[in-house]
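Q: Structure in structure tokens, see below.
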Amino acid sequence: MTNNYEENILKGVRDSSYSLESSLELLQKDIVQLHAPRYQSMRRDVIGCTQEMDFILWPRNDIEKIVCLLFSRWKGSDEPYRPVLAKFEFHHGDYEKHLLHVLSRNDKTGIVLNNPNQSVFLFIDRQHLQTPKSKATILKLCSICLYLPQEQLTHWAVGTIEDHLRPYMPE
């Protein structure tokens with residue numbers, strides 16, 4: 001685990017975002033960290049290229065949950081990527097509780113939120129927008145980190161990438 005993320009996890013303990021016990025358990029696992037500061041849509045109906053993550057999380061109420069799908073294959077293999085049998089979800093109610101706590105603090109950067117089972121970490125930046133009448137605060141997603149035990153990288157689910165993306169595609 002890189003020192004930067006270890007420090008951020010322990011900072012969450014100091015800020016009472018999560019417990020020391022759960023953080024120590026996370027730090028002691030043989031964990032693979034998959035950091036995603038950029039993304040590219042896999043939807044066939046969306047034209048675009050790889051871009052920086054720049055997504056407003058708050059204020060808004062139109063997101064049910066954040067779902068991350070992970071695909072892997074053996075290094076050097078020409079086989080297609082296969083879906084990893086792991087669940088990476090962060091429900092709106094869970095991250096909104098964290099965001100409301102964050103709003104009461106003065107951190108501008110280095111804000112890290114985690115889902116209850118500590119498999120998804122969201123890195124958030126606070127930004128202030130000045131309007132003629134008032135000042136608004138927004139919280140933007142700037143990076144995602146997925147955590148899973150290394151041995152799970154080769155626990156593959158049945159089906160293809162397209163099969164797993166289909167529920168998230170428009171009709």
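Ordering of the structure tokens sets the chain letters (A, B, ...); residue numbers start at 1 within each chain; ligands are numbered from 1 in the order shown.
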What residues in stretch 81-166 of chain A get the DSSP label helix (DSSP H, G or I)? Please answer as a list of chain:residue names.
A: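 Here are the helix (DSSP H, G or I) residues of stretch 81-166 of chain A: A:His92, A:Gly93, A:Asp94, A:Tyr95, A:Glu96, A:Lys97, A:His98, A:Leu99, A:Leu100, A:His101, A:Val102, A:Leu103, A:Gln150, A:Glu151, A:Gln152, A:Leu153, A:Thr154, A:Ile161, A:Glu162, A:Asp163, A:His164, A:Leu165, A:Arg166.
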Q: Tell me which protein, DNA and RNA residues are within 12 Å of A:Thr154, counting only C-alpha atoms, leaving out same-chain ones fewer than 6 positions away, and put them as a PDB file with C-alpha atoms, in the first residue's frame.
A:
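Result file follows (around.pdb):
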```pdb
ATOM      1  CA  LEU A  70     -13.494  -4.740 -12.717  1.00  0.00           C
ATOM      2  CA  PHE A  71     -12.129  -6.936 -15.491  1.00  0.00           C
ATOM      3  CA  SER A  72      -8.829  -8.813 -15.506  1.00  0.00           C
ATOM      4  CA  ARG A  73      -6.783 -11.415 -17.351  1.00  0.00           C
ATOM      5  CA  TRP A  74      -3.436 -13.115 -16.912  1.00  0.00           C
ATOM      6  CA  LYS A  75      -0.453 -10.876 -17.663  1.00  0.00           C
ATOM      7  CA  TYR A  81     -10.656  -9.554 -20.178  1.00  0.00           C
ATOM      8  CA  ARG A  82     -13.067 -11.354 -17.865  1.00  0.00           C
ATOM      9  CA  PRO A  83     -15.269  -9.888 -15.127  1.00  0.00           C
ATOM     10  CA  VAL A  84     -13.792 -10.215 -11.634  1.00  0.00           C
ATOM     11  CA  LEU A  85     -16.195 -11.757  -9.149  1.00  0.00           C
ATOM     12  CA  ALA A  86     -16.261  -8.847  -6.703  1.00  0.00           C
ATOM     13  CA  LEU A 148      -9.622  -6.217  -3.110  1.00  0.00           C
TER      14      LEU A 148
END
```
Q: With distances taken over only C-alpha atoms, which residue among A:Phe123, A:Tyr39, A:Trp156, A:Trp58 lies nearest A:Thr137?
A: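 That would be A:Trp58, the residue with the smallest distance to A:Thr137.
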Q: Closest to A:His128 among A:Cys142, A:Ile111, A:Leu103, A:Ala157, using only C-alpha atoms?
A: A:Leu103
Q: Which residue out of A:Arg14, A:Arg60, A:Lys135, A:Arg126 has the minimum interatomic distance to A:Asn106 when only C-alpha atoms are used?
A: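 The closest residue to A:Asn106 is A:Arg126.
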Q: Pick out the closest residue to A:Val112 from this set: A:Val13, A:Ile63, A:Ile161, A:Leu153. Count only C-alpha atoms.
A: A:Val13
Q: Would you mind listing what lies within 8 Å of A:Leu139 as a compact mmCIF listing (two decimals) with N, CA, C and O atoms, in the first residue's frame, with only C-alpha atoms counted and same-chain residues fewer than 6 positions away left out?
A:
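Done, and the output landed in part.txt:
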```
# COMPACT_ATOMS: atom_id res chain seq x y z
N ILE A 56 -19.44 15.90 -10.30
CA ILE A 56 -20.04 16.49 -9.10
C ILE A 56 -20.86 15.42 -8.36
O ILE A 56 -21.75 14.80 -8.94
N LEU A 57 -20.52 15.21 -7.09
CA LEU A 57 -21.26 14.26 -6.25
C LEU A 57 -22.29 14.96 -5.37
O LEU A 57 -23.29 14.38 -5.00
N TRP A 58 -21.99 16.20 -4.99
CA TRP A 58 -22.90 16.92 -4.11
C TRP A 58 -22.88 18.39 -4.48
O TRP A 58 -21.82 18.93 -4.74
N PRO A 59 -23.95 19.08 -4.55
CA PRO A 59 -25.31 18.67 -4.23
C PRO A 59 -26.00 18.04 -5.44
O PRO A 59 -25.97 18.61 -6.53
N LEU A 99 -20.48 12.85 3.11
CA LEU A 99 -20.38 14.18 2.51
C LEU A 99 -20.91 15.26 3.45
O LEU A 99 -20.32 16.34 3.56
N ILE A 124 -12.27 13.07 -3.00
CA ILE A 124 -13.15 14.21 -3.25
C ILE A 124 -12.39 15.52 -3.10
O ILE A 124 -11.56 15.66 -2.21
N ASP A 125 -12.72 16.48 -3.95
CA ASP A 125 -12.24 17.85 -3.81
C ASP A 125 -13.42 18.76 -3.53
O ASP A 125 -14.50 18.58 -4.11
N ARG A 126 -13.21 19.72 -2.65
CA ARG A 126 -14.24 20.72 -2.34
C ARG A 126 -13.93 21.95 -3.20
O ARG A 126 -12.80 22.40 -3.28
N GLN A 127 -14.97 22.49 -3.82
CA GLN A 127 -14.81 23.70 -4.61
C GLN A 127 -15.92 24.67 -4.24
O GLN A 127 -17.03 24.27 -3.90
```
Q: Pick from A:Phe55, A:Gly12, A:Val32, A:Ile144: nearest to A:Cys68, with only C-alpha atoms counted?
A: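 Of the candidates, the smallest distance to A:Cys68 is held by A:Ile144.
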Q: What are the DSSP strand (DSSP E or B) residues of stretch 31-105 of chain A, as a PDB file with all heavy atoms, in the first residue's frame?
A:
```pdb
ATOM      1  N   ILE A  31      -3.634  -6.479  -0.115  1.00  0.00           N
ATOM      2  CA  ILE A  31      -4.636  -5.791  -0.920  1.00  0.00           C
ATOM      3  C   ILE A  31      -4.029  -5.268  -2.216  1.00  0.00           C
ATOM      4  O   ILE A  31      -2.906  -4.787  -2.241  1.00  0.00           O
ATOM      5  CB  ILE A  31      -5.217  -4.597  -0.119  1.00  0.00           C
ATOM      6  CG1 ILE A  31      -5.975  -5.085   1.101  1.00  0.00           C
ATOM      7  CG2 ILE A  31      -6.085  -3.705  -0.979  1.00  0.00           C
ATOM      8  CD1 ILE A  31      -7.238  -5.844   0.808  1.00  0.00           C
ATOM      9  N   VAL A  32      -4.811  -5.376  -3.265  1.00  0.00           N
ATOM     10  CA  VAL A  32      -4.466  -4.743  -4.530  1.00  0.00           C
ATOM     11  C   VAL A  32      -5.253  -3.446  -4.592  1.00  0.00           C
ATOM     12  O   VAL A  32      -6.457  -3.432  -4.333  1.00  0.00           O
ATOM     13  CB  VAL A  32      -4.845  -5.649  -5.718  1.00  0.00           C
ATOM     14  CG1 VAL A  32      -4.600  -4.940  -7.029  1.00  0.00           C
ATOM     15  CG2 VAL A  32      -4.073  -6.953  -5.663  1.00  0.00           C
ATOM     16  N   GLN A  33      -4.557  -2.367  -4.894  1.00  0.00           N
ATOM     17  CA  GLN A  33      -5.212  -1.063  -5.062  1.00  0.00           C
ATOM     18  C   GLN A  33      -5.294  -0.773  -6.546  1.00  0.00           C
ATOM     19  O   GLN A  33      -4.290  -0.841  -7.249  1.00  0.00           O
ATOM     20  CB  GLN A  33      -4.395   0.048  -4.427  1.00  0.00           C
ATOM     21  CG  GLN A  33      -4.239  -0.031  -2.957  1.00  0.00           C
ATOM     22  CD  GLN A  33      -3.404   1.145  -2.469  1.00  0.00           C
ATOM     23  OE1 GLN A  33      -3.299   2.171  -3.132  1.00  0.00           O
ATOM     24  NE2 GLN A  33      -2.823   0.989  -1.303  1.00  0.00           N
ATOM     25  N   LEU A  34      -6.457  -0.443  -7.015  1.00  0.00           N
ATOM     26  CA  LEU A  34      -6.656  -0.076  -8.411  1.00  0.00           C
ATOM     27  C   LEU A  34      -7.151   1.363  -8.416  1.00  0.00           C
ATOM     28  O   LEU A  34      -8.280   1.638  -8.026  1.00  0.00           O
ATOM     29  CB  LEU A  34      -7.655  -1.023  -9.061  1.00  0.00           C
ATOM     30  CG  LEU A  34      -7.184  -2.475  -8.972  1.00  0.00           C
ATOM     31  CD1 LEU A  34      -8.337  -3.414  -8.822  1.00  0.00           C
ATOM     32  CD2 LEU A  34      -6.328  -2.800 -10.158  1.00  0.00           C
ATOM     33  N   HIS A  35      -6.273   2.274  -8.825  1.00  0.00           N
ATOM     34  CA  HIS A  35      -6.582   3.704  -8.798  1.00  0.00           C
ATOM     35  C   HIS A  35      -7.062   4.156 -10.170  1.00  0.00           C
ATOM     36  O   HIS A  35      -6.449   3.818 -11.185  1.00  0.00           O
ATOM     37  CB  HIS A  35      -5.339   4.504  -8.397  1.00  0.00           C
ATOM     38  CG  HIS A  35      -4.812   4.111  -7.060  1.00  0.00           C
ATOM     39  ND1 HIS A  35      -5.335   4.595  -5.883  1.00  0.00           N
ATOM     40  CD2 HIS A  35      -3.833   3.244  -6.700  1.00  0.00           C
ATOM     41  CE1 HIS A  35      -4.693   4.070  -4.861  1.00  0.00           C
ATOM     42  NE2 HIS A  35      -3.780   3.241  -5.331  1.00  0.00           N
ATOM     43  N   ALA A  36      -8.127   4.912 -10.180  1.00  0.00           N
ATOM     44  CA  ALA A  36      -8.689   5.395 -11.437  1.00  0.00           C
ATOM     45  C   ALA A  36      -8.893   6.906 -11.382  1.00  0.00           C
ATOM     46  O   ALA A  36      -9.968   7.377 -11.036  1.00  0.00           O
ATOM     47  CB  ALA A  36     -10.006   4.684 -11.723  1.00  0.00           C
ATOM     48  N   ARG A  38      -8.675   8.673 -14.075  1.00  0.00           N
ATOM     49  CA  ARG A  38      -9.249   8.969 -15.392  1.00  0.00           C
ATOM     50  C   ARG A  38     -10.183   7.826 -15.766  1.00  0.00           C
ATOM     51  O   ARG A  38     -10.096   6.741 -15.215  1.00  0.00           O
ATOM     52  CB  ARG A  38      -8.150   9.092 -16.448  1.00  0.00           C
ATOM     53  CG  ARG A  38      -7.271  10.302 -16.257  1.00  0.00           C
ATOM     54  CD  ARG A  38      -6.103  10.327 -17.237  1.00  0.00           C
ATOM     55  NE  ARG A  38      -5.177   9.232 -17.068  1.00  0.00           N
ATOM     56  CZ  ARG A  38      -4.264   9.134 -16.110  1.00  0.00           C
ATOM     57  NH1 ARG A  38      -4.177  10.081 -15.204  1.00  0.00           N
ATOM     58  NH2 ARG A  38      -3.454   8.114 -16.037  1.00  0.00           N
ATOM     59  N   TYR A  39     -11.054   8.083 -16.717  1.00  0.00           N
ATOM     60  CA  TYR A  39     -11.959   7.031 -17.155  1.00  0.00           C
ATOM     61  C   TYR A  39     -12.267   7.205 -18.637  1.00  0.00           C
ATOM     62  O   TYR A  39     -12.032   8.261 -19.236  1.00  0.00           O
ATOM     63  CB  TYR A  39     -13.258   7.050 -16.342  1.00  0.00           C
ATOM     64  CG  TYR A  39     -14.201   8.156 -16.732  1.00  0.00           C
ATOM     65  CD1 TYR A  39     -15.266   7.927 -17.577  1.00  0.00           C
ATOM     66  CD2 TYR A  39     -14.007   9.458 -16.273  1.00  0.00           C
ATOM     67  CE1 TYR A  39     -16.120   8.944 -17.955  1.00  0.00           C
ATOM     68  CE2 TYR A  39     -14.857  10.477 -16.641  1.00  0.00           C
ATOM     69  CZ  TYR A  39     -15.912  10.215 -17.476  1.00  0.00           C
ATOM     70  OH  TYR A  39     -16.735  11.236 -17.841  1.00  0.00           O
ATOM     71  N   GLN A  51     -10.604  10.615 -20.131  1.00  0.00           N
ATOM     72  CA  GLN A  51     -10.615  11.965 -19.581  1.00  0.00           C
ATOM     73  C   GLN A  51     -10.459  11.923 -18.069  1.00  0.00           C
ATOM     74  O   GLN A  51     -10.663  10.890 -17.449  1.00  0.00           O
ATOM     75  CB  GLN A  51     -11.897  12.690 -19.967  1.00  0.00           C
ATOM     76  CG  GLN A  51     -13.164  11.952 -19.617  1.00  0.00           C
ATOM     77  CD  GLN A  51     -14.372  12.578 -20.288  1.00  0.00           C
ATOM     78  OE1 GLN A  51     -14.313  13.668 -20.812  1.00  0.00           O
ATOM     79  NE2 GLN A  51     -15.486  11.885 -20.252  1.00  0.00           N
ATOM     80  N   GLU A  52     -10.061  13.048 -17.521  1.00  0.00           N
ATOM     81  CA  GLU A  52      -9.907  13.161 -16.066  1.00  0.00           C
ATOM     82  C   GLU A  52     -11.261  12.986 -15.398  1.00  0.00           C
ATOM     83  O   GLU A  52     -12.284  13.384 -15.940  1.00  0.00           O
ATOM     84  CB  GLU A  52      -9.337  14.541 -15.690  1.00  0.00           C
ATOM     85  CG  GLU A  52      -7.958  14.823 -16.224  1.00  0.00           C
ATOM     86  CD  GLU A  52      -6.899  13.906 -15.665  1.00  0.00           C
ATOM     87  OE1 GLU A  52      -6.892  13.667 -14.438  1.00  0.00           O
ATOM     88  OE2 GLU A  52      -6.089  13.411 -16.459  1.00  0.00           O
ATOM     89  N   PHE A  55     -16.440  14.890 -11.615  1.00  0.00           N
ATOM     90  CA  PHE A  55     -17.841  14.520 -11.490  1.00  0.00           C
ATOM     91  C   PHE A  55     -18.403  15.101 -10.202  1.00  0.00           C
ATOM     92  O   PHE A  55     -17.870  14.836  -9.127  1.00  0.00           O
ATOM     93  CB  PHE A  55     -17.901  12.985 -11.464  1.00  0.00           C
ATOM     94  CG  PHE A  55     -19.273  12.417 -11.553  1.00  0.00           C
ATOM     95  CD1 PHE A  55     -19.916  12.326 -12.767  1.00  0.00           C
ATOM     96  CD2 PHE A  55     -19.907  11.959 -10.413  1.00  0.00           C
ATOM     97  CE1 PHE A  55     -21.179  11.781 -12.847  1.00  0.00           C
ATOM     98  CE2 PHE A  55     -21.177  11.423 -10.486  1.00  0.00           C
ATOM     99  CZ  PHE A  55     -21.810  11.330 -11.714  1.00  0.00           C
ATOM    100  N   ILE A  56     -19.444  15.897 -10.296  1.00  0.00           N
ATOM    101  CA  ILE A  56     -20.043  16.494  -9.100  1.00  0.00           C
ATOM    102  C   ILE A  56     -20.857  15.424  -8.364  1.00  0.00           C
ATOM    103  O   ILE A  56     -21.746  14.803  -8.935  1.00  0.00           O
ATOM    104  CB  ILE A  56     -20.946  17.689  -9.464  1.00  0.00           C
ATOM    105  CG1 ILE A  56     -20.101  18.805 -10.075  1.00  0.00           C
ATOM    106  CG2 ILE A  56     -21.696  18.187  -8.228  1.00  0.00           C
ATOM    107  CD1 ILE A  56     -20.911  19.971 -10.606  1.00  0.00           C
ATOM    108  N   LEU A  57     -20.516  15.214  -7.093  1.00  0.00           N
ATOM    109  CA  LEU A  57     -21.260  14.265  -6.252  1.00  0.00           C
ATOM    110  C   LEU A  57     -22.288  14.962  -5.369  1.00  0.00           C
ATOM    111  O   LEU A  57     -23.289  14.375  -4.996  1.00  0.00           O
ATOM    112  CB  LEU A  57     -20.300  13.516  -5.320  1.00  0.00           C
ATOM    113  CG  LEU A  57     -19.619  12.293  -5.877  1.00  0.00           C
ATOM    114  CD1 LEU A  57     -18.760  11.646  -4.806  1.00  0.00           C
ATOM    115  CD2 LEU A  57     -20.605  11.298  -6.418  1.00  0.00           C
ATOM    116  N   TRP A  58     -21.994  16.203  -4.993  1.00  0.00           N
ATOM    117  CA  TRP A  58     -22.897  16.924  -4.106  1.00  0.00           C
ATOM    118  C   TRP A  58     -22.883  18.391  -4.475  1.00  0.00           C
ATOM    119  O   TRP A  58     -21.815  18.931  -4.742  1.00  0.00           O
ATOM    120  CB  TRP A  58     -22.460  16.741  -2.640  1.00  0.00           C
ATOM    121  CG  TRP A  58     -23.471  17.217  -1.671  1.00  0.00           C
ATOM    122  CD1 TRP A  58     -24.491  16.502  -1.124  1.00  0.00           C
ATOM    123  CD2 TRP A  58     -23.583  18.530  -1.146  1.00  0.00           C
ATOM    124  NE1 TRP A  58     -25.226  17.304  -0.296  1.00  0.00           N
ATOM    125  CE2 TRP A  58     -24.683  18.553  -0.289  1.00  0.00           C
ATOM    126  CE3 TRP A  58     -22.847  19.714  -1.331  1.00  0.00           C
ATOM    127  CZ2 TRP A  58     -25.080  19.691   0.386  1.00  0.00           C
ATOM    128  CZ3 TRP A  58     -23.235  20.841  -0.662  1.00  0.00           C
ATOM    129  CH2 TRP A  58     -24.349  20.825   0.193  1.00  0.00           C
ATOM    130  N   LYS A  65     -26.527   4.950  -6.875  1.00  0.00           N
ATOM    131  CA  LYS A  65     -25.315   4.344  -6.348  1.00  0.00           C
ATOM    132  C   LYS A  65     -24.218   4.462  -7.391  1.00  0.00           C
ATOM    133  O   LYS A  65     -24.474   4.664  -8.575  1.00  0.00           O
ATOM    134  CB  LYS A  65     -25.531   2.880  -5.971  1.00  0.00           C
ATOM    135  CG  LYS A  65     -25.916   1.993  -7.141  1.00  0.00           C
ATOM    136  CD  LYS A  65     -26.237   0.587  -6.681  1.00  0.00           C
ATOM    137  CE  LYS A  65     -26.841  -0.209  -7.822  1.00  0.00           C
ATOM    138  NZ  LYS A  65     -27.246  -1.548  -7.399  1.00  0.00           N
ATOM    139  N   ILE A  66     -22.983   4.324  -6.925  1.00  0.00           N
ATOM    140  CA  ILE A  66     -21.819   4.259  -7.808  1.00  0.00           C
ATOM    141  C   ILE A  66     -21.435   2.792  -7.892  1.00  0.00           C
ATOM    142  O   ILE A  66     -21.257   2.131  -6.865  1.00  0.00           O
ATOM    143  CB  ILE A  66     -20.657   5.089  -7.249  1.00  0.00           C
ATOM    144  CG1 ILE A  66     -21.046   6.567  -7.201  1.00  0.00           C
ATOM    145  CG2 ILE A  66     -19.387   4.872  -8.054  1.00  0.00           C
ATOM    146  CD1 ILE A  66     -20.072   7.437  -6.449  1.00  0.00           C
ATOM    147  N   VAL A  67     -21.354   2.273  -9.107  1.00  0.00           N
ATOM    148  CA  VAL A  67     -20.993   0.874  -9.323  1.00  0.00           C
ATOM    149  C   VAL A  67     -19.736   0.842 -10.171  1.00  0.00           C
ATOM    150  O   VAL A  67     -19.659   1.501 -11.213  1.00  0.00           O
ATOM    151  CB  VAL A  67     -22.126   0.106 -10.055  1.00  0.00           C
ATOM    152  CG1 VAL A  67     -21.702  -1.324 -10.360  1.00  0.00           C
ATOM    153  CG2 VAL A  67     -23.399   0.135  -9.249  1.00  0.00           C
ATOM    154  N   CYS A  68     -18.744   0.088  -9.720  1.00  0.00           N
ATOM    155  CA  CYS A  68     -17.522  -0.102 -10.490  1.00  0.00           C
ATOM    156  C   CYS A  68     -17.429  -1.577 -10.871  1.00  0.00           C
ATOM    157  O   CYS A  68     -17.634  -2.454 -10.028  1.00  0.00           O
ATOM    158  CB  CYS A  68     -16.292   0.286  -9.672  1.00  0.00           C
ATOM    159  SG  CYS A  68     -16.280   2.001  -9.171  1.00  0.00           S
ATOM    160  N   PHE A  71     -12.412  -5.848 -14.566  1.00  0.00           N
ATOM    161  CA  PHE A  71     -12.129  -6.936 -15.491  1.00  0.00           C
ATOM    162  C   PHE A  71     -10.633  -7.206 -15.450  1.00  0.00           C
ATOM    163  O   PHE A  71      -9.831  -6.274 -15.338  1.00  0.00           O
ATOM    164  CB  PHE A  71     -12.568  -6.555 -16.909  1.00  0.00           C
ATOM    165  CG  PHE A  71     -14.021  -6.162 -16.981  1.00  0.00           C
ATOM    166  CD1 PHE A  71     -14.407  -4.847 -16.876  1.00  0.00           C
ATOM    167  CD2 PHE A  71     -15.003  -7.132 -17.124  1.00  0.00           C
ATOM    168  CE1 PHE A  71     -15.744  -4.479 -16.915  1.00  0.00           C
ATOM    169  CE2 PHE A  71     -16.344  -6.776 -17.168  1.00  0.00           C
ATOM    170  CZ  PHE A  71     -16.715  -5.449 -17.069  1.00  0.00           C
ATOM    171  N   SER A  72     -10.251  -8.479 -15.546  1.00  0.00           N
ATOM    172  CA  SER A  72      -8.829  -8.813 -15.506  1.00  0.00           C
ATOM    173  C   SER A  72      -8.542  -9.994 -16.429  1.00  0.00           C
ATOM    174  O   SER A  72      -9.463 -10.656 -16.929  1.00  0.00           O
ATOM    175  CB  SER A  72      -8.391  -9.155 -14.072  1.00  0.00           C
ATOM    176  OG  SER A  72      -8.901 -10.412 -13.665  1.00  0.00           O
ATOM    177  N   ARG A  82     -11.900 -10.695 -18.451  1.00  0.00           N
ATOM    178  CA  ARG A  82     -13.067 -11.354 -17.865  1.00  0.00           C
ATOM    179  C   ARG A  82     -13.486 -10.592 -16.610  1.00  0.00           C
ATOM    180  O   ARG A  82     -12.653  -9.995 -15.930  1.00  0.00           O
ATOM    181  CB  ARG A  82     -12.739 -12.809 -17.520  1.00  0.00           C
ATOM    182  CG  ARG A  82     -12.355 -13.587 -18.767  1.00  0.00           C
ATOM    183  CD  ARG A  82     -12.272 -15.066 -18.531  1.00  0.00           C
ATOM    184  NE  ARG A  82     -11.170 -15.426 -17.652  1.00  0.00           N
ATOM    185  CZ  ARG A  82     -10.831 -16.667 -17.365  1.00  0.00           C
ATOM    186  NH1 ARG A  82     -11.504 -17.675 -17.866  1.00  0.00           N
ATOM    187  NH2 ARG A  82      -9.823 -16.920 -16.562  1.00  0.00           N
ATOM    188  N   PRO A  83     -14.790 -10.618 -16.306  1.00  0.00           N
ATOM    189  CA  PRO A  83     -15.269  -9.888 -15.127  1.00  0.00           C
ATOM    190  C   PRO A  83     -14.774 -10.546 -13.832  1.00  0.00           C
ATOM    191  O   PRO A  83     -14.873 -11.755 -13.660  1.00  0.00           O
ATOM    192  CB  PRO A  83     -16.785  -9.973 -15.234  1.00  0.00           C
ATOM    193  CG  PRO A  83     -17.070 -11.044 -16.231  1.00  0.00           C
ATOM    194  CD  PRO A  83     -15.860 -11.249 -17.063  1.00  0.00           C
ATOM    195  N   VAL A  84     -14.236  -9.732 -12.943  1.00  0.00           N
ATOM    196  CA  VAL A  84     -13.792 -10.215 -11.634  1.00  0.00           C
ATOM    197  C   VAL A  84     -15.026 -10.368 -10.755  1.00  0.00           C
ATOM    198  O   VAL A  84     -15.914  -9.510 -10.739  1.00  0.00           O
ATOM    199  CB  VAL A  84     -12.783  -9.230 -10.995  1.00  0.00           C
ATOM    200  CG1 VAL A  84     -12.462  -9.621  -9.567  1.00  0.00           C
ATOM    201  CG2 VAL A  84     -11.513  -9.178 -11.829  1.00  0.00           C
ATOM    202  N   PHE A  88     -18.324  -3.887  -6.190  1.00  0.00           N
ATOM    203  CA  PHE A  88     -17.841  -2.556  -5.836  1.00  0.00           C
ATOM    204  C   PHE A  88     -19.004  -1.583  -5.987  1.00  0.00           C
ATOM    205  O   PHE A  88     -19.273  -1.096  -7.075  1.00  0.00           O
ATOM    206  CB  PHE A  88     -16.680  -2.137  -6.740  1.00  0.00           C
ATOM    207  CG  PHE A  88     -15.506  -3.062  -6.695  1.00  0.00           C
ATOM    208  CD1 PHE A  88     -15.287  -3.981  -7.702  1.00  0.00           C
ATOM    209  CD2 PHE A  88     -14.623  -3.015  -5.624  1.00  0.00           C
ATOM    210  CE1 PHE A  88     -14.199  -4.834  -7.658  1.00  0.00           C
ATOM    211  CE2 PHE A  88     -13.533  -3.864  -5.575  1.00  0.00           C
ATOM    212  CZ  PHE A  88     -13.319  -4.781  -6.594  1.00  0.00           C
ATOM    213  N   GLU A  89     -19.699  -1.325  -4.891  1.00  0.00           N
ATOM    214  CA  GLU A  89     -20.843  -0.422  -4.917  1.00  0.00           C
ATOM    215  C   GLU A  89     -20.753   0.547  -3.745  1.00  0.00           C
ATOM    216  O   GLU A  89     -20.297   0.186  -2.666  1.00  0.00           O
ATOM    217  CB  GLU A  89     -22.166  -1.195  -4.804  1.00  0.00           C
ATOM    218  CG  GLU A  89     -22.482  -2.026  -6.008  1.00  0.00           C
ATOM    219  CD  GLU A  89     -23.852  -2.695  -5.922  1.00  0.00           C
ATOM    220  OE1 GLU A  89     -24.521  -2.602  -4.864  1.00  0.00           O
ATOM    221  OE2 GLU A  89     -24.247  -3.295  -6.923  1.00  0.00           O
ATOM    222  N   PHE A  90     -21.199   1.763  -4.010  1.00  0.00           N
ATOM    223  CA  PHE A  90     -21.254   2.788  -2.971  1.00  0.00           C
ATOM    224  C   PHE A  90     -22.620   3.452  -3.112  1.00  0.00           C
ATOM    225  O   PHE A  90     -22.863   4.212  -4.043  1.00  0.00           O
ATOM    226  CB  PHE A  90     -20.132   3.802  -3.188  1.00  0.00           C
ATOM    227  CG  PHE A  90     -19.650   4.487  -1.944  1.00  0.00           C
ATOM    228  CD1 PHE A  90     -18.376   5.017  -1.921  1.00  0.00           C
ATOM    229  CD2 PHE A  90     -20.436   4.625  -0.825  1.00  0.00           C
ATOM    230  CE1 PHE A  90     -17.889   5.665  -0.795  1.00  0.00           C
ATOM    231  CE2 PHE A  90     -19.970   5.266   0.311  1.00  0.00           C
ATOM    232  CZ  PHE A  90     -18.685   5.787   0.321  1.00  0.00           C
ATOM    233  N   HIS A  91     -23.524   3.142  -2.221  1.00  0.00           N
ATOM    234  CA  HIS A  91     -24.893   3.645  -2.294  1.00  0.00           C
ATOM    235  C   HIS A  91     -24.969   5.109  -1.878  1.00  0.00           C
ATOM    236  O   HIS A  91     -24.219   5.566  -1.009  1.00  0.00           O
ATOM    237  CB  HIS A  91     -25.817   2.792  -1.426  1.00  0.00           C
ATOM    238  CG  HIS A  91     -26.009   1.424  -1.993  1.00  0.00           C
ATOM    239  ND1 HIS A  91     -27.036   1.119  -2.842  1.00  0.00           N
ATOM    240  CD2 HIS A  91     -25.280   0.293  -1.855  1.00  0.00           C
ATOM    241  CE1 HIS A  91     -26.945  -0.143  -3.201  1.00  0.00           C
ATOM    242  NE2 HIS A  91     -25.880  -0.677  -2.623  1.00  0.00           N
TER     243      HIS A  91
END
```
Q: Check the smallest atom-to-atom distance from each of A:Glu96, A:Asp78, A:Glu171, A:Asp54 to A:Lys140 using only C-alpha atoms, then report the winner.
A: A:Asp54
Q: At what distance in Å, to one decimal, does atom CA of A:Leu146 lie from atom CA of A:Leu122?
A: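 Computed distance, atom CA of A:Leu122 to atom CA of A:Leu146, equals 8.9 Å.
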